[in-house]
Amino acid sequence: MLLNRSIAFMMKPIDPRVNRLPGFGQGSIQPKAPLDQLGTYEVFVQAKEGKPFQHEGIVHASDIELAYILAKETFTRRFTCVSLYVTETRDVYVSPLTDGQTSSYELLPPATAGNGPTEAYEVYHLVKRGKQHVHVGEVMASSPQEAMHSAKEKFGAGKVVYNVWVIRKSNIRYTNEADKDLWLTLPEKKYRDAADYKAGDKLTAFLERVKHSV
Amino acid sequence: MYGGGNTFEGIKTDSLAQEDPQKLAEFEARIARGEKIEPTDWMPELYRKQLVRMIEQHAHSEIIGALPEGTWITRAPGFKRKLSLMAKVQDEVGHAQLLYSAAETLGKSREQMIDDLITGKSKYSNIFNYPAFTWADSCFISWLVDAGAIVNQLANAKGSYGPYCRALDRICAEESFHLKYGHHCVIYLASGTEKQRQMFQEALNRWWPPMMHFFGPSDKISAHTEVLMRWKVKMSTNDDQRNQFLDMYVPKIWELGFTIPDPNLKKNPETGRWDYTEPDWEEFKRVINGDGPCNKERLEVRRVAEERGQWVREALKSPSLRYVTPLA
Amino acid sequence: MNELALKELLYKIADDQLILGHRNSEWTGFGPLLEEDIAFSSMAQDKVGQSYAIYQMLNQLGEQEPDTVAFMRNANQFHNCQLVELPNGEYDFSLIRHFLYDTAEITRFDFLANSSYEPLAQLARKIKGELKYHTLHANTWIKKLGNATEESIGRLQGSLNKALPYALGIFEPSPLEQEIIASGFFAGEEVLKKQWMEKVELLLSQTQLNLPDWKTIQPVLGGRVGQHTEHLQPLLDEMSEVFRIDPSAEW
Ligand SMILES: [Fe+2]
Ligand SMILES: [Fe+2]
Ligand SMILES: [Fe+2]
């Protein structure tokens, strides 16, 4: 049995980093403050020039600038990326989700004419259940509801769209054109890629050696 | 990384009687058609509860799973290994991030989940309660524990809950790096010096029993989970996953000339399945209930990390922040 | 080409990047926020990767293999500044060091993009975006925490005061400083320091942190000639623990 059950409290950690942790083994377990929870931000990534932006997931952050910084390494540390943007979750306007018989655009509540000035909105479609929302274009509107209806006219014809998102462009933290070099060395980070770990030759040589030694 | 076994206890299906039968039928029909369930869809409470529990445990297993290999992060031999291990452990933290996010879509906040981890209220994969004594142990983990996790995660990626499946697709893509990296390390140890071979053989001896535990108790003694299988929450049985793992990796371990410390381990030509010494399920229970060599250390590390980070998160809070459930 | 001067320059840069990358990697799994844990690890990887690239240049110039150079030297053979070898402390210290060091780093590589040693100039141009992210990250955090709570401002201030004398040690001239400049390898530490100071002043002026009068800060020197704090040798011992089991083995 490899487990030594005589260990009373804790064996001495074998991670030198753990042995250096201040306060290790000295505190008591206290639940954290109940509101120790940041906001969430939705992350959209463009893998290649010419490809549409796609929703990838969320990060927790205190503000949109920090969300942008944190999203970059959380979602774009492999393969290729040319651009990234983030927006706060509550700034995403969501249509009803359908089961695929009807288009989500058919389920929109009637448009309420906004009384504000018109603004630009980004529009996203979910075209298959289980996939991610993909950017389809932008519309001008005076309210998110109106943006949904404009999107229906512009992008909704003859398609079954499972779900639509619209986001005010002014609520998005984009990547500046000048900052696209942030991902310049990404394709060279091969050590993060399975393809970089070929050991076939080593294995073959080893097996040969074993065969000859018996 | 993750093991399937510790996820489910006996499921009480009584609550299903209170669900709207028509909605329940539509829900089940959707799953039977192979469609995904999304966060805004109607779902039975039991489904929600079991999913939160499973995804949360999976997330905990990733963040705790970063610790045994993290043991060697400052000591990896040579530039290549140093970079790879840093990236590998980073990925595990990233997996936790993705999985906590998926669980959040079901209505439980990340902070609440981390609290439940630290206070011992929710569990994580048992295997991370064992220590990584040498560099070779970290290689065992990268290769074989991750291999086990992939068996489990590939199965779960075909499950019914959209956000979990999407997180798993992303995770599985990264796991293929972990697996190849781990195998690469072990091939180097196997074809290296006597000392290197011995290091790995010893790691194998230490890790084999927890590896057999990894997929959870034998189907003979584990809780019945038919409803979870029907709902595509649980995708295959513990024994099936264990058998699949043995099928794929025992030959690869033997190929490298190592001895697996189980004299009864062999493929049964009649059943087509692997025979092995029944794992010690009493030990499994003991360790999962807190009495393993590293349980206390693992949770203490998380507690200290949370405590040391508290001032940062505190400083980030602002009155305008409002937590809403993330979208997908 | 003055090879000795060039090697001296390359060694000090590579040693800085390696030791700080190593230190920063200690945070992996222990960070204050999952996303930040990931970001900090990436930047640690970038630094180790950059040091690897420079040790490869040195290898081209006739020095030993990168692994041998990194894992087999003793502390007194390392030419990193002492700032990078200090223990991580709490996150406030790690962040302040990250900000002070990376501000110098991006400025240094801006100069190196025009180095007369073409491989170095190429590397500098290539990693410009990487370094840009590092400073974007550092600046965002320092502005955020340097304007937040009493505790966060107090912590950063304490760490700033502690780190500044060591940060000035980044700019300790190399023994062959004049040759390095004369050969056009690098513009030199004095010029670098001046630009660094301006950037640090500008960023800190957007926070509630106080920058003491530069004249009152006594630089901690010695790193560039192999004099180190008591922290470097244990770091190296730990880093090479497995490698030294058998340096001739392939791991
Ligand atoms: Fe993982
Ligand atoms: Fe993994
Ligand atoms: Fe940097």
# chains A, B, ... in the order shown; residues from 1 in each chain; ligands from 1
call {"tool": "residues_around", "arguments": {"residues": "region 97-114 of chain A", "least_positions_apart": "4", "cutoff": "7 Å", "atoms": "only C-alpha atoms", "output": "list in words"}}
result
Ser142, Ser143, Gln145, Glu146, His149, Lys152, Gly156, Lys159, Val160, Val161, Tyr162, Asn163 and Val164 of chain A
call {"tool": "write_last_selection", "arguments": {"atoms": "all heavy atoms", "output": "CSV table (one decimal), in the first residue's frame"}}
result
chain,number,residue,atom,x,y,z
A,142,SER,N,-31.9,53.1,-32.9
A,142,SER,CA,-32.0,54.0,-31.8
A,142,SER,C,-32.3,53.3,-30.4
A,142,SER,O,-32.3,53.9,-29.4
A,142,SER,CB,-33.1,55.0,-32.0
A,142,SER,OG,-34.3,54.4,-32.2
A,143,SER,N,-32.5,51.9,-30.5
A,143,SER,CA,-32.6,51.1,-29.3
A,143,SER,C,-32.2,49.7,-29.7
A,143,SER,O,-32.2,49.3,-30.8
A,143,SER,CB,-34.0,51.1,-28.8
A,143,SER,OG,-34.8,50.4,-29.7
A,145,GLN,N,-33.9,47.0,-29.2
A,145,GLN,CA,-35.0,46.4,-29.8
A,145,GLN,C,-35.1,46.7,-31.3
A,145,GLN,O,-35.3,45.8,-32.1
A,145,GLN,CB,-36.3,46.8,-29.1
A,145,GLN,CG,-36.5,46.3,-27.7
A,145,GLN,CD,-35.6,47.1,-26.7
A,145,GLN,OE1,-35.1,48.2,-27.0
A,145,GLN,NE2,-35.3,46.5,-25.5
A,146,GLU,N,-34.9,48.0,-31.6
A,146,GLU,CA,-34.9,48.4,-33.0
A,146,GLU,C,-33.8,47.7,-33.7
A,146,GLU,O,-33.9,47.3,-34.9
A,146,GLU,CB,-34.9,49.9,-33.0
A,146,GLU,CG,-35.3,50.4,-34.4
A,146,GLU,CD,-35.0,51.9,-34.5
A,146,GLU,OE1,-35.4,52.7,-33.6
A,146,GLU,OE2,-34.3,52.3,-35.5
A,149,HIS,N,-34.7,44.4,-34.9
A,149,HIS,CA,-35.6,44.4,-36.1
A,149,HIS,C,-34.8,44.8,-37.4
A,149,HIS,O,-35.0,44.3,-38.4
A,149,HIS,CB,-36.8,45.4,-35.9
A,149,HIS,CG,-37.8,44.7,-35.0
A,149,HIS,ND1,-38.8,43.9,-35.5
A,149,HIS,CD2,-37.9,44.7,-33.6
A,149,HIS,CE1,-39.5,43.5,-34.4
A,149,HIS,NE2,-39.0,43.9,-33.3
A,152,LYS,N,-33.0,41.9,-38.5
A,152,LYS,CA,-33.9,40.9,-39.1
A,152,LYS,C,-34.0,41.3,-40.6
A,152,LYS,O,-33.9,40.4,-41.5
A,152,LYS,CB,-35.3,41.0,-38.5
A,152,LYS,CG,-36.3,40.0,-39.1
A,152,LYS,CD,-37.6,40.2,-38.4
A,152,LYS,CE,-38.7,39.3,-39.1
A,152,LYS,NZ,-40.0,39.4,-38.5
A,156,GLY,N,-31.7,38.6,-41.7
A,156,GLY,CA,-32.6,37.5,-41.3
A,156,GLY,C,-33.3,36.8,-42.4
A,156,GLY,O,-33.9,35.7,-42.2
A,159,LYS,N,-33.5,32.6,-43.4
A,159,LYS,CA,-32.5,31.8,-42.6
A,159,LYS,C,-33.3,31.4,-41.3
A,159,LYS,O,-34.1,32.1,-40.8
A,159,LYS,CB,-31.3,32.6,-42.2
A,159,LYS,CG,-30.1,32.3,-43.0
A,159,LYS,CD,-28.9,33.1,-42.5
A,159,LYS,CE,-28.8,34.4,-43.2
A,159,LYS,NZ,-27.7,35.3,-42.9
A,160,VAL,N,-32.9,30.2,-40.8
A,160,VAL,CA,-33.4,29.9,-39.5
A,160,VAL,C,-32.2,30.2,-38.5
A,160,VAL,O,-31.2,29.6,-38.6
A,160,VAL,CB,-33.8,28.4,-39.3
A,160,VAL,CG1,-34.1,28.1,-37.9
A,160,VAL,CG2,-34.9,28.1,-40.2
A,161,VAL,N,-32.5,31.3,-37.8
A,161,VAL,CA,-31.4,31.7,-36.8
A,161,VAL,C,-32.0,31.3,-35.4
A,161,VAL,O,-33.1,31.6,-35.1
A,161,VAL,CB,-31.2,33.2,-36.9
A,161,VAL,CG1,-30.2,33.7,-35.9
A,161,VAL,CG2,-30.7,33.6,-38.3
A,162,TYR,N,-31.1,30.6,-34.7
A,162,TYR,CA,-31.6,30.1,-33.4
A,162,TYR,C,-31.6,31.2,-32.3
A,162,TYR,O,-32.4,31.2,-31.4
A,162,TYR,CB,-30.7,29.0,-32.9
A,162,TYR,CG,-30.9,27.7,-33.6
A,162,TYR,CD1,-30.5,27.5,-34.9
A,162,TYR,CD2,-31.6,26.6,-33.0
A,162,TYR,CE1,-30.7,26.3,-35.6
A,162,TYR,CE2,-31.8,25.4,-33.6
A,162,TYR,CZ,-31.4,25.3,-34.9
A,162,TYR,OH,-31.6,24.1,-35.6
A,163,ASN,N,-30.7,32.1,-32.5
A,163,ASN,CA,-30.6,33.2,-31.5
A,163,ASN,C,-29.8,34.4,-32.0
A,163,ASN,O,-28.9,34.2,-32.9
A,163,ASN,CB,-29.8,32.6,-30.2
A,163,ASN,CG,-29.9,33.5,-29.0
A,163,ASN,OD1,-29.0,33.7,-28.3
A,163,ASN,ND2,-31.1,33.9,-28.7
A,164,VAL,N,-30.2,35.6,-31.6
A,164,VAL,CA,-29.6,36.8,-32.1
A,164,VAL,C,-29.1,37.6,-30.9
A,164,VAL,O,-29.8,37.7,-29.9
A,164,VAL,CB,-30.6,37.6,-32.9
A,164,VAL,CG1,-29.9,38.9,-33.5
A,164,VAL,CG2,-31.3,36.8,-34.0
call {"tool": "interface_residues", "arguments": {"of": "chain C", "to": "chain B", "cutoff": "6 Å", "atoms": "only C-alpha atoms", "output": "JSON, numbers by chain"}}
result
{"C": [30, 32, 38, 67, 148, 149, 238, 239, 242, 243, 251]}
call {"tool": "closest_residue", "arguments": {"among": "B:Arg170, B:Trp42, B:Lys108, B:Asp20", "to": "ligand 2", "atoms": "only C-alpha atoms and all ligand atoms"}}
result
B:Arg170
call {"tool": "residues_around", "arguments": {"residues": "region 194-208 of chain A", "least_positions_apart": "6", "cutoff": "9 Å", "atoms": "only C-alpha atoms", "output": "ChimeraX atom specification"}}
result
/B:173-181,183-184,187-188,190-191,255-256
call {"tool": "residues_around", "arguments": {"residues": "region 49-62 of chain C", "least_positions_apart": "3", "cutoff": "9 Å", "atoms": "only C-alpha atoms", "output": "PDB file with N, CA and C atoms, in the first residue's frame"}}
result
ATOM      1  N   LYS A 189       4.806  30.038 -30.880  1.00  0.00           N
ATOM      2  CA  LYS A 189       4.772  29.406 -29.557  1.00  0.00           C
ATOM      3  C   LYS A 189       4.364  27.947 -29.703  1.00  0.00           C
TER       4      LYS A 189
ATOM      5  N   PHE B  79      15.309  24.078 -20.937  1.00  0.00           N
ATOM      6  CA  PHE B  79      14.382  25.111 -21.426  1.00  0.00           C
ATOM      7  C   PHE B  79      13.083  24.538 -21.963  1.00  0.00           C
ATOM      8  N   LEU B  83       9.408  25.441 -20.394  1.00  0.00           N
ATOM      9  CA  LEU B  83       8.327  26.130 -21.105  1.00  0.00           C
ATOM     10  C   LEU B  83       7.075  25.260 -21.208  1.00  0.00           C
TER      11      LEU B  83
ATOM     12  N   GLU C   3      33.346  41.073 -29.856  1.00  0.00           N
ATOM     13  CA  GLU C   3      32.528  39.960 -29.407  1.00  0.00           C
ATOM     14  C   GLU C   3      32.347  39.917 -27.904  1.00  0.00           C
ATOM     15  N   LYS C   7      28.779  39.804 -26.108  1.00  0.00           N
ATOM     16  CA  LYS C   7      28.380  38.703 -25.225  1.00  0.00           C
ATOM     17  C   LYS C   7      27.964  39.220 -23.851  1.00  0.00           C
ATOM     18  N   LEU C  10      24.493  40.466 -24.240  1.00  0.00           N
ATOM     19  CA  LEU C  10      23.516  39.387 -24.405  1.00  0.00           C
ATOM     20  C   LEU C  10      23.290  38.639 -23.095  1.00  0.00           C
ATOM     21  N   TYR C  11      24.368  38.366 -22.397  1.00  0.00           N
ATOM     22  CA  TYR C  11      24.235  37.629 -21.138  1.00  0.00           C
ATOM     23  C   TYR C  11      23.368  38.380 -20.127  1.00  0.00           C
ATOM     24  N   ILE C  13      21.076  40.581 -20.594  1.00  0.00           N
ATOM     25  CA  ILE C  13      19.653  40.620 -20.966  1.00  0.00           C
ATOM     26  C   ILE C  13      19.020  39.246 -20.763  1.00  0.00           C
ATOM     27  N   ALA C  14      19.696  38.215 -21.257  1.00  0.00           N
ATOM     28  CA  ALA C  14      19.130  36.864 -21.151  1.00  0.00           C
ATOM     29  C   ALA C  14      18.969  36.462 -19.687  1.00  0.00           C
ATOM     30  N   ASP C  15      19.963  36.783 -18.877  1.00  0.00           N
ATOM     31  CA  ASP C  15      19.882  36.410 -17.457  1.00  0.00           C
ATOM     32  C   ASP C  15      18.715  37.129 -16.769  1.00  0.00           C
ATOM     33  N   ASP C  16      18.537  38.390 -17.080  1.00  0.00           N
ATOM     34  CA  ASP C  16      17.382  39.131 -16.537  1.00  0.00           C
ATOM     35  C   ASP C  16      16.073  38.419 -16.887  1.00  0.00           C
ATOM     36  N   GLN C  17      15.933  38.104 -18.176  1.00  0.00           N
ATOM     37  CA  GLN C  17      14.664  37.532 -18.644  1.00  0.00           C
ATOM     38  C   GLN C  17      14.413  36.167 -18.010  1.00  0.00           C
ATOM     39  N   LEU C  18      15.482  35.362 -17.943  1.00  0.00           N
ATOM     40  CA  LEU C  18      15.326  34.014 -17.394  1.00  0.00           C
ATOM     41  C   LEU C  18      14.926  34.059 -15.919  1.00  0.00           C
ATOM     42  N   GLY C  21      11.447  35.528 -15.448  1.00  0.00           N
ATOM     43  CA  GLY C  21      10.457  34.568 -15.954  1.00  0.00           C
ATOM     44  C   GLY C  21      10.265  33.430 -14.976  1.00  0.00           C
ATOM     45  N   ALA C  44       5.415  35.119 -18.065  1.00  0.00           N
ATOM     46  CA  ALA C  44       6.593  34.395 -17.573  1.00  0.00           C
ATOM     47  C   ALA C  44       7.154  33.519 -18.689  1.00  0.00           C
ATOM     48  N   GLN C  45       6.255  32.850 -19.403  1.00  0.00           N
ATOM     49  CA  GLN C  45       6.703  32.019 -20.527  1.00  0.00           C
ATOM     50  C   GLN C  45       7.393  32.863 -21.587  1.00  0.00           C
ATOM     51  N   ASP C  46       6.822  34.024 -21.884  1.00  0.00           N
ATOM     52  CA  ASP C  46       7.447  34.908 -22.870  1.00  0.00           C
ATOM     53  C   ASP C  46       8.879  35.225 -22.461  1.00  0.00           C
ATOM     54  N   GLU C  65      25.824  25.344 -24.818  1.00  0.00           N
ATOM     55  CA  GLU C  65      24.390  25.142 -25.061  1.00  0.00           C
ATOM     56  C   GLU C  65      23.535  25.950 -24.080  1.00  0.00           C
ATOM     57  N   PRO C  66      22.385  26.428 -24.552  1.00  0.00           N
ATOM     58  CA  PRO C  66      21.490  27.173 -23.651  1.00  0.00           C
ATOM     59  C   PRO C  66      21.194  26.439 -22.338  1.00  0.00           C
ATOM     60  N   ASP C  67      20.905  25.147 -22.410  1.00  0.00           N
ATOM     61  CA  ASP C  67      20.586  24.420 -21.172  1.00  0.00           C
ATOM     62  C   ASP C  67      21.774  24.419 -20.208  1.00  0.00           C
ATOM     63  N   VAL C  69      24.228  26.579 -20.092  1.00  0.00           N
ATOM     64  CA  VAL C  69      24.455  27.935 -19.607  1.00  0.00           C
ATOM     65  C   VAL C  69      23.438  28.306 -18.522  1.00  0.00           C
ATOM     66  N   ALA C  70      22.190  27.938 -18.752  1.00  0.00           N
ATOM     67  CA  ALA C  70      21.146  28.351 -17.812  1.00  0.00           C
ATOM     68  C   ALA C  70      21.142  27.492 -16.553  1.00  0.00           C
ATOM     69  N   PRO C 119      20.967  39.788 -35.539  1.00  0.00           N
ATOM     70  CA  PRO C 119      20.068  38.813 -34.888  1.00  0.00           C
ATOM     71  C   PRO C 119      19.318  39.415 -33.701  1.00  0.00           C
ATOM     72  N   LEU C 120      19.988  40.258 -32.960  1.00  0.00           N
ATOM     73  CA  LEU C 120      19.354  40.885 -31.805  1.00  0.00           C
ATOM     74  C   LEU C 120      18.299  41.898 -32.261  1.00  0.00           C
ATOM     75  N   LEU C 123      15.250  39.972 -33.354  1.00  0.00           N
ATOM     76  CA  LEU C 123      14.477  39.486 -32.206  1.00  0.00           C
ATOM     77  C   LEU C 123      13.670  40.627 -31.598  1.00  0.00           C
ATOM     78  N   ILE C 127       9.520  40.624 -31.149  1.00  0.00           N
ATOM     79  CA  ILE C 127       8.794  40.496 -29.880  1.00  0.00           C
ATOM     80  C   ILE C 127       8.155  41.805 -29.419  1.00  0.00           C
TER      81      ILE C 127
END
call {"tool": "residues_around", "arguments": {"residues": "region 90-106 of chain C", "least_positions_apart": "5", "cutoff": "6 Å", "atoms": "only C-alpha atoms", "output": "list in words"}}
result
Leu131, Ala138, Leu156, Ser159 and Trp196 of chain C
call {"tool": "write_last_selection", "arguments": {"atoms": "N, CA, C and O atoms", "output": "PDB file, in the first residue's frame"}}
result
ATOM      1  N   LEU C 131       5.968  42.410 -25.905  1.00  0.00           N
ATOM      2  CA  LEU C 131       6.344  43.355 -24.854  1.00  0.00           C
ATOM      3  C   LEU C 131       5.271  44.421 -24.670  1.00  0.00           C
ATOM      4  O   LEU C 131       5.030  44.903 -23.557  1.00  0.00           O
ATOM      5  N   ALA C 138       0.766  45.579 -17.281  1.00  0.00           N
ATOM      6  CA  ALA C 138       1.325  46.194 -16.068  1.00  0.00           C
ATOM      7  C   ALA C 138       0.675  47.552 -15.813  1.00  0.00           C
ATOM      8  O   ALA C 138       0.235  47.839 -14.693  1.00  0.00           O
ATOM      9  N   LEU C 156       0.904  48.867  -2.724  1.00  0.00           N
ATOM     10  CA  LEU C 156       1.726  49.207  -3.887  1.00  0.00           C
ATOM     11  C   LEU C 156       2.805  50.216  -3.511  1.00  0.00           C
ATOM     12  O   LEU C 156       3.948  50.123  -3.946  1.00  0.00           O
ATOM     13  N   SER C 159       5.608  48.488  -1.722  1.00  0.00           N
ATOM     14  CA  SER C 159       6.414  47.685  -2.642  1.00  0.00           C
ATOM     15  C   SER C 159       7.225  48.554  -3.588  1.00  0.00           C
ATOM     16  O   SER C 159       8.355  48.223  -3.948  1.00  0.00           O
ATOM     17  N   TRP C 196      13.224  55.531 -19.283  1.00  0.00           N
ATOM     18  CA  TRP C 196      12.473  54.724 -18.299  1.00  0.00           C
ATOM     19  C   TRP C 196      11.886  55.622 -17.215  1.00  0.00           C
ATOM     20  O   TRP C 196      10.725  55.502 -16.856  1.00  0.00           O
TER      21      TRP C 196
END
call {"tool": "interface_residues", "arguments": {"of": "chain C", "to": "chain A", "cutoff": "9 Å", "atoms": "only C-alpha atoms", "output": "PyMOL selection string"}}
result
chain C and resi 26-27+33-36+38-40+42+49+89-90+126-133+136-137+140-141+144+238
call {"tool": "write_last_selection", "arguments": {"atoms": "N, CA and C atoms", "output": "PDB file, in the first residue's frame"}}
result
ATOM      1  N   GLU C  26       6.456  31.147 -10.570  1.00  0.00           N
ATOM      2  CA  GLU C  26       6.099  30.613  -9.252  1.00  0.00           C
ATOM      3  C   GLU C  26       4.654  30.928  -8.884  1.00  0.00           C
ATOM      4  N   TRP C  27       4.072  31.922  -9.559  1.00  0.00           N
ATOM      5  CA  TRP C  27       2.693  32.297  -9.239  1.00  0.00           C
ATOM      6  C   TRP C  27       1.660  31.357  -9.850  1.00  0.00           C
ATOM      7  N   LEU C  33      -6.589  35.743  -9.094  1.00  0.00           N
ATOM      8  CA  LEU C  33      -7.800  35.655  -9.918  1.00  0.00           C
ATOM      9  C   LEU C  33      -7.423  34.689 -11.035  1.00  0.00           C
ATOM     10  N   LEU C  34      -8.298  33.775 -11.388  1.00  0.00           N
ATOM     11  CA  LEU C  34      -7.917  32.754 -12.376  1.00  0.00           C
ATOM     12  C   LEU C  34      -7.356  33.386 -13.645  1.00  0.00           C
ATOM     13  N   GLU C  35      -8.055  34.390 -14.156  1.00  0.00           N
ATOM     14  CA  GLU C  35      -7.635  34.993 -15.423  1.00  0.00           C
ATOM     15  C   GLU C  35      -6.253  35.642 -15.297  1.00  0.00           C
ATOM     16  N   GLU C  36      -5.990  36.233 -14.155  1.00  0.00           N
ATOM     17  CA  GLU C  36      -4.704  36.882 -13.951  1.00  0.00           C
ATOM     18  C   GLU C  36      -3.605  35.826 -13.788  1.00  0.00           C
ATOM     19  N   ILE C  38      -3.481  33.124 -15.371  1.00  0.00           N
ATOM     20  CA  ILE C  38      -3.171  32.720 -16.745  1.00  0.00           C
ATOM     21  C   ILE C  38      -2.314  33.780 -17.436  1.00  0.00           C
ATOM     22  N   ALA C  39      -2.711  35.044 -17.297  1.00  0.00           N
ATOM     23  CA  ALA C  39      -1.969  36.120 -17.965  1.00  0.00           C
ATOM     24  C   ALA C  39      -0.532  36.194 -17.444  1.00  0.00           C
ATOM     25  N   PHE C  40      -0.384  36.069 -16.144  1.00  0.00           N
ATOM     26  CA  PHE C  40       0.958  36.197 -15.558  1.00  0.00           C
ATOM     27  C   PHE C  40       1.852  35.044 -16.001  1.00  0.00           C
ATOM     28  N   SER C  42       1.604  33.458 -18.863  1.00  0.00           N
ATOM     29  CA  SER C  42       2.004  33.700 -20.255  1.00  0.00           C
ATOM     30  C   SER C  42       3.204  34.640 -20.333  1.00  0.00           C
ATOM     31  N   GLY C  49      11.106  32.272 -22.807  1.00  0.00           N
ATOM     32  CA  GLY C  49      11.305  32.051 -24.242  1.00  0.00           C
ATOM     33  C   GLY C  49      12.285  33.050 -24.842  1.00  0.00           C
ATOM     34  N   GLY C  89       7.364  37.792  -2.932  1.00  0.00           N
ATOM     35  CA  GLY C  89       6.588  38.522  -1.939  1.00  0.00           C
ATOM     36  C   GLY C  89       5.105  38.371  -2.210  1.00  0.00           C
ATOM     37  N   GLU C  90       4.355  39.384  -1.851  1.00  0.00           N
ATOM     38  CA  GLU C  90       2.926  39.358  -2.148  1.00  0.00           C
ATOM     39  C   GLU C  90       2.703  39.911  -3.553  1.00  0.00           C
ATOM     40  N   LYS C 126      10.706  41.427 -33.590  1.00  0.00           N
ATOM     41  CA  LYS C 126       9.722  40.361 -33.555  1.00  0.00           C
ATOM     42  C   LYS C 126       8.884  40.385 -32.277  1.00  0.00           C
ATOM     43  N   ILE C 127       9.520  40.624 -31.149  1.00  0.00           N
ATOM     44  CA  ILE C 127       8.794  40.496 -29.880  1.00  0.00           C
ATOM     45  C   ILE C 127       8.155  41.805 -29.419  1.00  0.00           C
ATOM     46  N   LYS C 128       8.150  42.786 -30.307  1.00  0.00           N
ATOM     47  CA  LYS C 128       7.599  44.091 -29.933  1.00  0.00           C
ATOM     48  C   LYS C 128       6.168  43.976 -29.404  1.00  0.00           C
ATOM     49  N   GLY C 129       5.365  43.191 -30.093  1.00  0.00           N
ATOM     50  CA  GLY C 129       3.965  43.040 -29.687  1.00  0.00           C
ATOM     51  C   GLY C 129       3.833  42.339 -28.344  1.00  0.00           C
ATOM     52  N   GLU C 130       4.680  41.333 -28.139  1.00  0.00           N
ATOM     53  CA  GLU C 130       4.696  40.623 -26.855  1.00  0.00           C
ATOM     54  C   GLU C 130       4.952  41.596 -25.712  1.00  0.00           C
ATOM     55  N   LEU C 131       5.968  42.410 -25.905  1.00  0.00           N
ATOM     56  CA  LEU C 131       6.344  43.355 -24.854  1.00  0.00           C
ATOM     57  C   LEU C 131       5.271  44.421 -24.670  1.00  0.00           C
ATOM     58  N   LYS C 132       4.628  44.770 -25.761  1.00  0.00           N
ATOM     59  CA  LYS C 132       3.544  45.748 -25.678  1.00  0.00           C
ATOM     60  C   LYS C 132       2.442  45.219 -24.765  1.00  0.00           C
ATOM     61  N   TYR C 133       2.125  43.956 -24.929  1.00  0.00           N
ATOM     62  CA  TYR C 133       1.106  43.367 -24.053  1.00  0.00           C
ATOM     63  C   TYR C 133       1.551  43.423 -22.595  1.00  0.00           C
ATOM     64  N   LEU C 136       1.092  46.901 -21.351  1.00  0.00           N
ATOM     65  CA  LEU C 136      -0.342  47.194 -21.282  1.00  0.00           C
ATOM     66  C   LEU C 136      -0.927  46.557 -20.016  1.00  0.00           C
ATOM     67  N   HIS C 137      -0.541  45.324 -19.800  1.00  0.00           N
ATOM     68  CA  HIS C 137      -0.992  44.584 -18.621  1.00  0.00           C
ATOM     69  C   HIS C 137      -0.526  45.285 -17.340  1.00  0.00           C
ATOM     70  N   THR C 140      -2.178  48.771 -16.814  1.00  0.00           N
ATOM     71  CA  THR C 140      -3.598  48.669 -16.454  1.00  0.00           C
ATOM     72  C   THR C 140      -3.753  48.308 -14.976  1.00  0.00           C
ATOM     73  N   TRP C 141      -2.975  47.340 -14.541  1.00  0.00           N
ATOM     74  CA  TRP C 141      -3.075  46.906 -13.145  1.00  0.00           C
ATOM     75  C   TRP C 141      -2.614  47.989 -12.173  1.00  0.00           C
ATOM     76  N   LYS C 144      -5.100  50.660 -11.968  1.00  0.00           N
ATOM     77  CA  LYS C 144      -6.292  50.173 -11.277  1.00  0.00           C
ATOM     78  C   LYS C 144      -6.046  50.123  -9.754  1.00  0.00           C
ATOM     79  N   GLU C 238      17.361  25.288  -7.009  1.00  0.00           N
ATOM     80  CA  GLU C 238      16.034  24.709  -7.219  1.00  0.00           C
ATOM     81  C   GLU C 238      15.772  24.481  -8.708  1.00  0.00           C
TER      82      GLU C 238
END
